[in-house]
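Source file protein.csv; content: CSV, C-alpha atoms.
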chain,number,residue,atom,x,y,z
A,1,MET,CA,115.8,121.7,153.2
A,2,ASP,CA,112.4,123.1,152.4
A,3,ILE,CA,109.6,120.9,151.1
A,4,GLU,CA,107.8,123.8,149.4
A,5,LYS,CA,110.9,124.8,147.5
A,6,PHE,CA,111.6,121.2,146.6
A,7,ILE,CA,108.0,120.8,145.2
A,8,VAL,CA,108.5,123.9,143.0
A,9,GLU,CA,111.9,122.6,141.7
A,10,PHE,CA,110.3,119.2,141.1
A,11,ALA,CA,107.4,120.6,139.2
A,12,ASP,CA,109.8,122.7,137.1
A,13,GLN,CA,110.9,119.4,135.5
A,14,TYR,CA,107.5,119.1,133.8
A,15,ASP,CA,107.0,121.2,130.7
A,16,GLU,CA,103.7,119.9,129.3
A,17,ILE,CA,101.2,119.4,132.1
A,18,GLU,CA,99.7,121.7,134.7
A,19,THR,CA,101.7,121.5,137.9
A,20,ASP,CA,99.9,124.1,140.1
A,21,GLY,CA,98.3,121.4,142.1
A,22,PHE,CA,101.6,119.6,142.9
A,23,GLY,CA,102.1,118.9,146.6
A,24,PRO,CA,103.9,116.5,148.9
A,25,ASP,CA,101.4,113.7,148.1
A,26,THR,CA,101.4,114.1,144.4
A,27,LYS,CA,102.0,110.8,142.6
A,28,PHE,CA,104.6,112.2,140.2
A,29,LYS,CA,104.5,109.2,137.8
A,30,GLU,CA,100.8,109.2,137.4
A,31,ASN,CA,100.6,111.6,134.5
A,32,GLU,CA,101.1,111.5,130.7
A,33,GLU,CA,104.4,113.4,130.9
A,34,TRP,CA,106.3,111.0,133.1
A,35,SER,CA,109.0,109.4,131.0
A,36,SER,CA,112.7,108.4,131.1
A,37,MET,CA,113.5,112.0,130.3
A,38,THR,CA,111.4,113.4,133.2
A,39,ALA,CA,113.1,110.9,135.5
A,40,LEU,CA,116.5,112.1,134.3
A,41,SER,CA,115.4,115.7,134.7
A,42,VAL,CA,114.4,115.1,138.3
A,43,ILE,CA,117.7,113.3,139.1
A,44,ALA,CA,119.7,116.0,137.5
A,45,MET,CA,117.8,118.7,139.4
A,46,VAL,CA,118.5,116.9,142.7
A,47,ASP,CA,122.1,116.5,141.8
A,48,ASP,CA,122.5,120.2,140.9
A,49,SER,CA,120.5,121.7,143.8
A,50,TYR,CA,121.3,119.3,146.6
A,51,SER,CA,124.4,117.4,145.6
A,52,VAL,CA,122.6,114.1,146.1
A,53,ARG,CA,122.7,111.4,143.4
A,54,LEU,CA,119.4,109.6,143.2
A,55,THR,CA,119.5,106.1,141.7
A,56,GLY,CA,117.1,104.3,139.5
A,57,ASP,CA,116.0,102.3,142.6
A,58,ASP,CA,115.3,105.5,144.5
A,59,VAL,CA,113.0,106.6,141.7
A,60,ARG,CA,111.4,103.2,141.2
A,61,LYS,CA,110.6,102.9,145.0
A,62,SER,CA,109.1,106.3,145.3
A,63,SER,CA,105.6,107.3,144.2
A,64,THR,CA,105.1,110.7,145.9
A,65,ILE,CA,107.2,113.8,145.9
A,66,GLN,CA,107.4,113.5,149.7
A,67,GLU,CA,109.1,110.2,149.3
A,68,VAL,CA,111.7,111.6,147.0
A,69,TYR,CA,112.2,114.5,149.4
A,70,ASP,CA,112.7,112.2,152.3
A,71,ILE,CA,115.4,110.3,150.5
A,72,VAL,CA,117.2,113.5,149.5
A,73,ALA,CA,116.9,114.9,153.0
A,74,SER,CA,118.2,111.7,154.6
A,75,ARG,CA,121.3,111.8,152.4
A,76,ILE,CA,122.0,115.5,153.0
A,77,ASN,CA,121.8,114.8,156.7
A,78,SER,CA,123.9,111.6,156.7
B,1,MET,CA,131.2,94.4,114.9
B,2,GLN,CA,129.3,91.7,116.6
B,3,PHE,CA,125.6,92.2,117.1
B,4,PRO,CA,123.4,91.5,119.1
B,5,LEU,CA,125.1,93.0,122.1
B,6,HIS,CA,123.8,92.4,125.6
B,7,LYS,CA,124.3,95.4,127.8
B,8,TYR,CA,122.5,97.1,130.8
B,9,GLY,CA,119.9,94.3,130.8
B,10,LEU,CA,118.9,95.1,127.2
B,11,VAL,CA,119.7,93.5,123.8
B,12,PHE,CA,120.9,95.8,121.1
B,13,ARG,CA,120.9,94.7,117.4
B,14,LEU,CA,120.9,96.2,114.0
B,15,VAL,CA,117.6,97.0,112.4
B,16,GLU,CA,116.3,94.7,109.7
B,17,GLU,CA,113.5,95.1,107.1
B,18,SER,CA,111.3,92.9,109.4
B,19,ASP,CA,111.4,95.8,112.0
B,20,ALA,CA,109.7,98.2,109.6
B,21,ALA,CA,106.2,97.9,111.2
B,22,PHE,CA,107.6,98.5,114.7
B,23,ILE,CA,109.6,101.5,113.6
B,24,LEU,CA,106.6,102.9,111.6
B,25,SER,CA,104.4,102.5,114.7
B,26,LEU,CA,106.9,104.7,116.7
B,27,ARG,CA,107.5,107.2,114.0
B,28,THR,CA,103.8,107.8,113.4
B,29,ASP,CA,103.0,108.1,117.1
B,30,GLU,CA,102.1,111.8,117.3
B,31,GLY,CA,103.2,112.0,120.9
B,32,ARG,CA,106.5,110.1,120.6
B,33,ALA,CA,107.7,111.4,117.3
B,34,LYS,CA,106.6,115.0,117.5
B,35,HIS,CA,110.2,116.2,117.7
B,36,LEU,CA,111.4,114.2,114.7
B,37,SER,CA,111.0,114.8,111.0
B,38,ALA,CA,107.7,113.6,109.6
B,39,THR,CA,107.3,110.0,108.3
B,40,ASP,CA,104.7,108.8,105.8
B,41,ASN,CA,102.5,106.1,107.4
B,42,ASN,CA,103.4,103.7,104.6
B,43,LEU,CA,104.9,100.3,105.4
B,44,GLN,CA,106.5,99.7,102.0
B,45,LYS,CA,108.3,103.1,102.1
B,46,GLN,CA,109.7,102.2,105.5
B,47,ILE,CA,110.9,98.8,104.2
B,48,ASP,CA,112.5,100.5,101.2
B,49,TRP,CA,114.1,103.0,103.6
B,50,ILE,CA,115.6,100.2,105.6
B,51,ARG,CA,116.8,98.4,102.5
B,52,ASN,CA,118.7,101.6,101.4
B,53,TYR,CA,120.0,102.0,105.0
B,54,LYS,CA,121.5,98.5,104.9
B,55,GLU,CA,123.8,99.7,102.1
B,56,ARG,CA,125.0,102.6,104.3
B,57,GLU,CA,125.4,100.1,107.2
B,58,LYS,CA,127.7,98.0,105.0
B,59,ALA,CA,129.7,101.1,104.2
B,60,GLY,CA,130.1,101.7,107.9
B,61,ILE,CA,128.6,105.2,107.8
B,62,ASP,CA,125.2,104.5,109.4
B,63,TYR,CA,124.1,102.2,112.2
B,64,TYR,CA,120.4,101.9,113.0
B,65,VAL,CA,120.0,100.1,116.3
B,66,LEU,CA,116.9,98.4,117.8
B,67,PHE,CA,116.9,97.5,121.5
B,68,GLU,CA,114.7,94.9,123.0
B,69,ASP,CA,114.1,93.2,126.3
B,70,ASP,CA,115.1,89.7,127.3
B,71,LYS,CA,111.9,88.4,125.8
B,72,GLN,CA,112.8,89.8,122.4
B,73,GLN,CA,110.1,92.5,122.7
B,74,PRO,CA,111.3,95.6,120.8
B,75,LEU,CA,111.5,98.7,123.0
B,76,GLY,CA,113.0,101.4,120.8
B,77,VAL,CA,115.5,102.5,118.2
B,78,PHE,CA,118.3,105.0,117.6
B,79,ARG,CA,120.7,105.8,114.8
B,80,LEU,CA,124.3,106.7,114.6
B,81,TYR,CA,124.9,108.3,111.1
B,82,ASP,CA,126.9,110.8,109.1
B,83,ILE,CA,130.0,108.9,110.3
B,84,LYS,CA,133.0,110.5,108.8
B,85,ASP,CA,136.6,110.8,110.1
B,86,LYS,CA,136.1,110.6,113.8
B,87,SER,CA,132.8,112.4,114.0
B,88,PHE,CA,129.1,111.3,113.9
B,89,THR,CA,125.6,112.3,114.5
B,90,SER,CA,123.0,110.5,116.7
B,91,GLY,CA,119.3,110.8,116.4
B,92,SER,CA,116.0,109.1,115.5
B,93,TRP,CA,115.8,108.1,119.2
B,94,LEU,CA,112.4,106.7,119.9
B,95,ILE,CA,111.1,104.5,122.8
B,96,LYS,CA,107.9,102.5,122.9
B,97,PRO,CA,105.2,104.0,125.2
B,98,GLY,CA,104.9,102.2,128.5
B,99,CYS,CA,108.6,101.2,128.9
B,100,ASN,CA,110.1,101.6,132.3
B,101,GLU,CA,111.7,105.0,132.9
B,102,PHE,CA,115.3,103.8,132.7
B,103,VAL,CA,115.2,102.2,129.2
B,104,GLY,CA,115.9,105.6,127.7
B,105,LEU,CA,118.9,106.2,129.9
B,106,LYS,CA,120.3,102.7,129.1
B,107,SER,CA,119.9,103.2,125.4
B,108,ASP,CA,121.6,106.6,125.7
B,109,LEU,CA,124.5,104.9,127.5
B,110,PHE,CA,124.7,102.4,124.8
B,111,ILE,CA,124.8,105.1,122.1
B,112,GLY,CA,128.0,106.4,123.7
B,113,PHE,CA,129.4,102.9,124.2
B,114,LEU,CA,128.9,102.0,120.6
B,115,ALA,CA,130.2,105.3,119.2
B,116,HIS,CA,133.2,105.8,121.5
B,117,GLU,CA,134.2,102.4,122.7
B,118,MET,CA,133.4,100.2,119.7
B,119,LEU,CA,133.7,102.5,116.7
B,120,HIS,CA,136.4,104.7,118.3
B,121,LEU,CA,134.6,107.9,117.3
B,122,ASP,CA,135.2,111.2,119.1
B,123,ASP,CA,132.9,114.1,118.4
B,124,CYS,CA,129.1,113.8,118.2
B,125,PHE,CA,127.3,116.6,116.4
B,126,PHE,CA,123.6,116.7,116.9
B,127,ASP,CA,120.6,119.0,117.0
B,128,VAL,CA,117.6,119.2,119.3
B,129,ARG,CA,114.3,120.9,118.5
B,130,LYS,CA,113.9,124.1,120.5
B,131,ASN,CA,110.5,123.0,121.8
B,132,ASN,CA,111.9,119.7,123.1
B,133,LYS,CA,112.6,121.4,126.4
B,134,LYS,CA,113.6,118.4,128.6
B,135,VAL,CA,115.9,116.9,126.1
B,136,LEU,CA,117.5,120.4,125.6
B,137,ARG,CA,118.1,120.7,129.4
B,138,TYR,CA,119.6,117.2,129.4
B,139,HIS,CA,122.0,117.8,126.6
B,140,LYS,CA,123.0,121.3,127.9
B,141,ARG,CA,124.3,119.5,131.0
B,142,PHE,CA,127.0,117.6,129.1
B,143,ALA,CA,127.3,118.9,125.5
B,144,LYS,CA,128.7,122.2,124.2
B,145,LEU,CA,126.2,124.5,122.4
B,146,ILE,CA,127.6,125.5,119.0
B,147,GLY,CA,124.7,127.3,117.4
B,148,GLU,CA,121.0,127.7,117.0
B,149,ASP,CA,118.4,128.7,114.4
B,150,GLU,CA,114.6,129.2,114.5
B,151,LEU,CA,113.9,125.5,114.9
B,152,ASN,CA,116.9,123.8,116.4
B,153,VAL,CA,119.8,124.1,118.9
B,154,TYR,CA,123.1,122.6,117.7
B,155,PHE,CA,125.5,120.8,120.0
B,156,VAL,CA,128.8,118.9,119.9
B,157,MET,CA,129.8,116.4,122.5
B,158,ASP,CA,133.4,115.3,122.6
B,159,ARG,CA,135.0,112.2,124.3
B,160,ALA,CA,135.6,114.0,127.6
B,161,ALA,CA,131.9,115.1,127.8
B,162,TYR,CA,130.8,111.6,126.8
B,163,GLU,CA,132.9,110.1,129.7
B,164,GLN,CA,131.4,112.6,132.1
B,165,LYS,CA,127.9,111.8,130.9
B,166,SER,CA,128.5,108.0,131.0
B,167,LYS,CA,129.8,108.3,134.6
B,168,PHE,CA,126.6,110.2,135.6
B,169,LEU,CA,124.2,107.8,133.9
B,170,THR,CA,126.0,104.7,135.1
B,171,SER,CA,125.8,105.9,138.7
B,172,ILE,CA,122.0,106.0,138.3
B,173,ILE,CA,121.5,102.5,137.1
B,174,GLN,CA,124.4,100.9,139.0
B,175,SER,CA,122.1,98.3,140.6
B,176,ASP,CA,120.9,97.1,137.2
B,177,ILE,CA,124.3,96.4,135.7
For the file at hand, write its structure as C-alpha cells.
Amino acid sequence: MDIEKFIVEFADQYDEIETDGFGPDTKFKENEEWSSMTALSVIAMVDDSYSVRLTGDDVRKSSTIQEVYDIVASRINS
Amino acid sequence: MQFPLHKYGLVFRLVEESDAAFILSLRTDEGRAKHLSATDNNLQKQIDWIRNYKEREKAGIDYYVLFEDDKQQPLGVFRLYDIKDKSFTSGSWLIKPGCNEFVGLKSDLFIGFLAHEMLHLDDCFFDVRKNNKKVLRYHKRFAKLIGEDELNVYFVMDRAAYEQKSKFLTSIIQSDI
C-alpha cells in the first residue's frame, strides 16, 4: 500500500475545494466540504480500492489522512 | 403507520405545519439546497405547502419526514412521494449544517426501511443533478442509471439494490445500532 496513491484517491473524493496541498497530516474534516456524503465517498473508495470496510467509528476516531491510511493498512495486513 | 419511529439513534416523524420555519431555513440555505428546486423565502407559503402536503399524506401518496435527535432538535428532512402501485420517488433530502457525518447515512437507511419494509414498495425512481457529483457517485454504486438530460441523471433502485445498499450502510454504523 502506497501513502502517496492513497492521498490522491482520498483527495479525489472532494469536488469543491482545492486539494493540491493534501498530505499525510491533512486534517480531512477541517474544511467546508466535509459532510456525510464526503465520509461515505471515502468509505466507498476504501471499500472499492482496498476491500476494507471502514466503520463510522474509524472515521470518527481519525483526524488525518495518515490515520485513515494506518487503519486500512493494518486491516490489509491482518 | 405509527410515527414517531426511533431508529439508528434518531427519531423520525411526519412533518407538521409547525416545522415550516426549520424547513424554510434548510431550503433557503444556498449551500445546502443548491441541488434542489428553488424555494421562496416566505414562511406563509411554506406553511401552505405543508397544509396541502398533509392531504397527500392522508391519501398515502406522499410522506414528508423530519428526523431529530434524542433532545428533539430537528436535524433534517426527506420525502417519499409519487407513490403509485409499488413505485415511489425520494428526494428533498436536506440536513442541518453541523450535524455529525453519519446522520445523512442513517436518514438514507431509514428512507429505505420506510419505503421497502413499512410501505412494501419496490422500485425507487429518482433523479440527481449532474453537478451534484458526490451524490451521483454514491447512487451509481447501487442504483441503475436509466437516462439523463442536460440537468439530471435518472436512476431506478429496485428491492435487491436497496438490500445491497442497506447492508453496506448498516455495516458502517453497526456500533451505533
| field | chain A residues near chain B (10 Å cut-off, all atoms listed in the file) as a PyMOL selection string | value | chain A and resi 13-16+29+34-41+43-44+47+53-60
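Nearest residue to Ala143 (chain B), choosing from B:Gln164, B:Arg129, B:Val15, B:Ile50 and counting only C-alpha atoms: B:Gln164.
Our summary of the geometry notes that CA of Glu9 (chain A) is positioned 18.0 Å from CA of Ser74 (chain A).
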| request: Choose the residue, out of A:Gln66, A:Asp48, A:Ile76, A:Asn31, that has the smallest atom-to-atom separation from Glu18 (chain A); count all atoms listed in the file. | output: A:Asn31
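Nearest residue to Phe6 (chain A) among A:Glu33, A:Lys27, A:Ala73, A:Ser78 is A:Ala73, counting all atoms listed in the file.
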| task | Report the distance between CA of Ser25 (chain B) and CA of Gln46 (chain B) in Å, rounded to one decimal place. | result | 10.6 Å
| In terms of the shortest atom-to-atom distance over all atoms listed in the file, which of B:Ala59, B:Leu43, B:Leu121, B:Leu114 is closest to Asp19 (chain B)? |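 Of B:Ala59, B:Leu43, B:Leu121, B:Leu114, the one nearest Asp19 (chain B), counting all atoms listed in the file, is B:Leu43.
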| query | Pick from B:Leu66, B:Ala21, B:Val77, B:Leu119: nearest to Pro4 (chain B), with only C-alpha atoms counted? | reply |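 Once distances to Pro4 (chain B) are computed over only C-alpha atoms, the minimum belongs to B:Leu66.
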Saved region 116-141 of chain B from the preceding structure, N, CA, C and O atoms, as a JSON list (two decimals), in the first residue's frame:
[["chain", "number", "residue", "atom", "x", "y", "z"],
["B", 116, "HIS", "N", -39.40, 0.26, 1.81],
["B", 116, "HIS", "CA", -39.42, -1.17, 1.46],
["B", 116, "HIS", "C", -40.00, -2.05, 2.56],
["B", 116, "HIS", "O", -40.70, -3.02, 2.27],
["B", 117, "GLU", "N", -39.69, -1.73, 3.82],
["B", 117, "GLU", "CA", -40.14, -2.61, 4.90],
["B", 117, "GLU", "C", -41.50, -2.20, 5.46],
["B", 117, "GLU", "O", -42.28, -3.05, 5.86],
["B", 118, "MET", "N", -41.76, -0.90, 5.52],
["B", 118, "MET", "CA", -43.03, -0.47, 6.11],
["B", 118, "MET", "C", -44.13, -0.29, 5.07],
["B", 118, "MET", "O", -45.27, -0.66, 5.29],
["B", 119, "LEU", "N", -43.78, 0.33, 3.94],
["B", 119, "LEU", "CA", -44.80, 0.59, 2.91],
["B", 119, "LEU", "C", -44.83, -0.51, 1.84],
["B", 119, "LEU", "O", -45.69, -0.50, 0.97],
["B", 120, "HIS", "N", -43.86, -1.43, 1.91],
["B", 120, "HIS", "CA", -43.78, -2.57, 0.99],
["B", 120, "HIS", "C", -43.72, -2.12, -0.47],
["B", 120, "HIS", "O", -44.35, -2.72, -1.35],
["B", 121, "LEU", "N", -42.96, -1.06, -0.71],
["B", 121, "LEU", "CA", -42.77, -0.58, -2.08],
["B", 121, "LEU", "C", -41.54, -1.28, -2.68],
["B", 121, "LEU", "O", -40.72, -1.83, -1.94],
["B", 122, "ASP", "N", -41.44, -1.22, -3.99],
["B", 122, "ASP", "CA", -40.31, -1.90, -4.65],
["B", 122, "ASP", "C", -39.34, -0.93, -5.32],
["B", 122, "ASP", "O", -38.22, -0.77, -4.88],
["B", 123, "ASP", "N", -39.78, -0.30, -6.40],
["B", 123, "ASP", "CA", -38.83, 0.47, -7.22],
["B", 123, "ASP", "C", -38.84, 1.95, -6.86],
["B", 123, "ASP", "O", -39.90, 2.59, -6.85],
["B", 124, "CYS", "N", -37.64, 2.48, -6.64],
["B", 124, "CYS", "CA", -37.50, 3.90, -6.36],
["B", 124, "CYS", "C", -36.93, 4.60, -7.60],
["B", 124, "CYS", "O", -35.83, 4.29, -8.04],
["B", 125, "PHE", "N", -37.72, 5.49, -8.17],
["B", 125, "PHE", "CA", -37.25, 6.28, -9.32],
["B", 125, "PHE", "C", -36.84, 7.65, -8.79],
["B", 125, "PHE", "O", -37.60, 8.29, -8.07],
["B", 126, "PHE", "N", -35.65, 8.08, -9.14],
["B", 126, "PHE", "CA", -35.21, 9.38, -8.65],
["B", 126, "PHE", "C", -34.20, 10.00, -9.62],
["B", 126, "PHE", "O", -33.68, 9.31, -10.50],
["B", 127, "ASP", "N", -34.00, 11.30, -9.44],
["B", 127, "ASP", "CA", -33.02, 11.97, -10.29],
["B", 127, "ASP", "C", -32.04, 12.74, -9.42],
["B", 127, "ASP", "O", -32.35, 13.12, -8.30],
["B", 128, "VAL", "N", -30.85, 12.94, -9.96],
["B", 128, "VAL", "CA", -29.79, 13.67, -9.26],
["B", 128, "VAL", "C", -29.23, 14.70, -10.24],
["B", 128, "VAL", "O", -28.99, 14.38, -11.41],
["B", 129, "ARG", "N", -29.06, 15.93, -9.74],
["B", 129, "ARG", "CA", -28.46, 16.96, -10.58],
["B", 129, "ARG", "C", -27.05, 16.54, -10.99],
["B", 129, "ARG", "O", -26.28, 16.04, -10.17],
["B", 130, "LYS", "N", -26.71, 16.80, -12.28],
["B", 130, "LYS", "CA", -25.41, 16.37, -12.78],
["B", 130, "LYS", "C", -24.24, 16.99, -12.03],
["B", 130, "LYS", "O", -23.17, 16.40, -11.92],
["B", 131, "ASN", "N", -24.44, 18.22, -11.51],
["B", 131, "ASN", "CA", -23.32, 18.86, -10.81],
["B", 131, "ASN", "C", -23.23, 18.44, -9.34],
["B", 131, "ASN", "O", -22.35, 18.89, -8.62],
["B", 132, "ASN", "N", -24.10, 17.56, -8.91],
["B", 132, "ASN", "CA", -24.07, 17.05, -7.53],
["B", 132, "ASN", "C", -23.20, 15.78, -7.53],
["B", 132, "ASN", "O", -23.68, 14.65, -7.36],
["B", 133, "LYS", "N", -21.90, 15.99, -7.74],
["B", 133, "LYS", "CA", -21.01, 14.87, -8.11],
["B", 133, "LYS", "C", -20.92, 13.75, -7.08],
["B", 133, "LYS", "O", -20.92, 12.57, -7.42],
["B", 134, "LYS", "N", -20.80, 14.13, -5.82],
["B", 134, "LYS", "CA", -20.63, 13.09, -4.79],
["B", 134, "LYS", "C", -21.89, 12.23, -4.68],
["B", 134, "LYS", "O", -21.81, 11.01, -4.56],
["B", 135, "VAL", "N", -23.05, 12.88, -4.72],
["B", 135, "VAL", "CA", -24.31, 12.14, -4.62],
["B", 135, "VAL", "C", -24.46, 11.23, -5.84],
["B", 135, "VAL", "O", -24.92, 10.09, -5.73],
["B", 136, "LEU", "N", -24.03, 11.73, -7.00],
["B", 136, "LEU", "CA", -24.08, 10.89, -8.20],
["B", 136, "LEU", "C", -23.22, 9.64, -8.04],
["B", 136, "LEU", "O", -23.66, 8.53, -8.34],
["B", 137, "ARG", "N", -21.99, 9.83, -7.56],
["B", 137, "ARG", "CA", -21.10, 8.67, -7.37],
["B", 137, "ARG", "C", -21.72, 7.67, -6.40],
["B", 137, "ARG", "O", -21.66, 6.47, -6.61],
["B", 138, "TYR", "N", -22.32, 8.21, -5.35],
["B", 138, "TYR", "CA", -22.95, 7.36, -4.32],
["B", 138, "TYR", "C", -24.06, 6.52, -4.93],
["B", 138, "TYR", "O", -24.11, 5.30, -4.75],
["B", 139, "HIS", "N", -24.94, 7.16, -5.69],
["B", 139, "HIS", "CA", -26.08, 6.41, -6.23],
["B", 139, "HIS", "C", -25.66, 5.44, -7.34],
["B", 139, "HIS", "O", -26.26, 4.39, -7.51],
["B", 140, "LYS", "N", -24.62, 5.82, -8.08],
["B", 140, "LYS", "CA", -24.16, 4.91, -9.15],
["B", 140, "LYS", "C", -23.68, 3.59, -8.59],
["B", 140, "LYS", "O", -23.66, 2.57, -9.26],
["B", 141, "ARG", "N", -23.27, 3.62, -7.34],
["B", 141, "ARG", "CA", -22.78, 2.40, -6.69],
["B", 141, "ARG", "C", -23.89, 1.35, -6.52],
["B", 141, "ARG", "O", -23.63, 0.16, -6.55]]
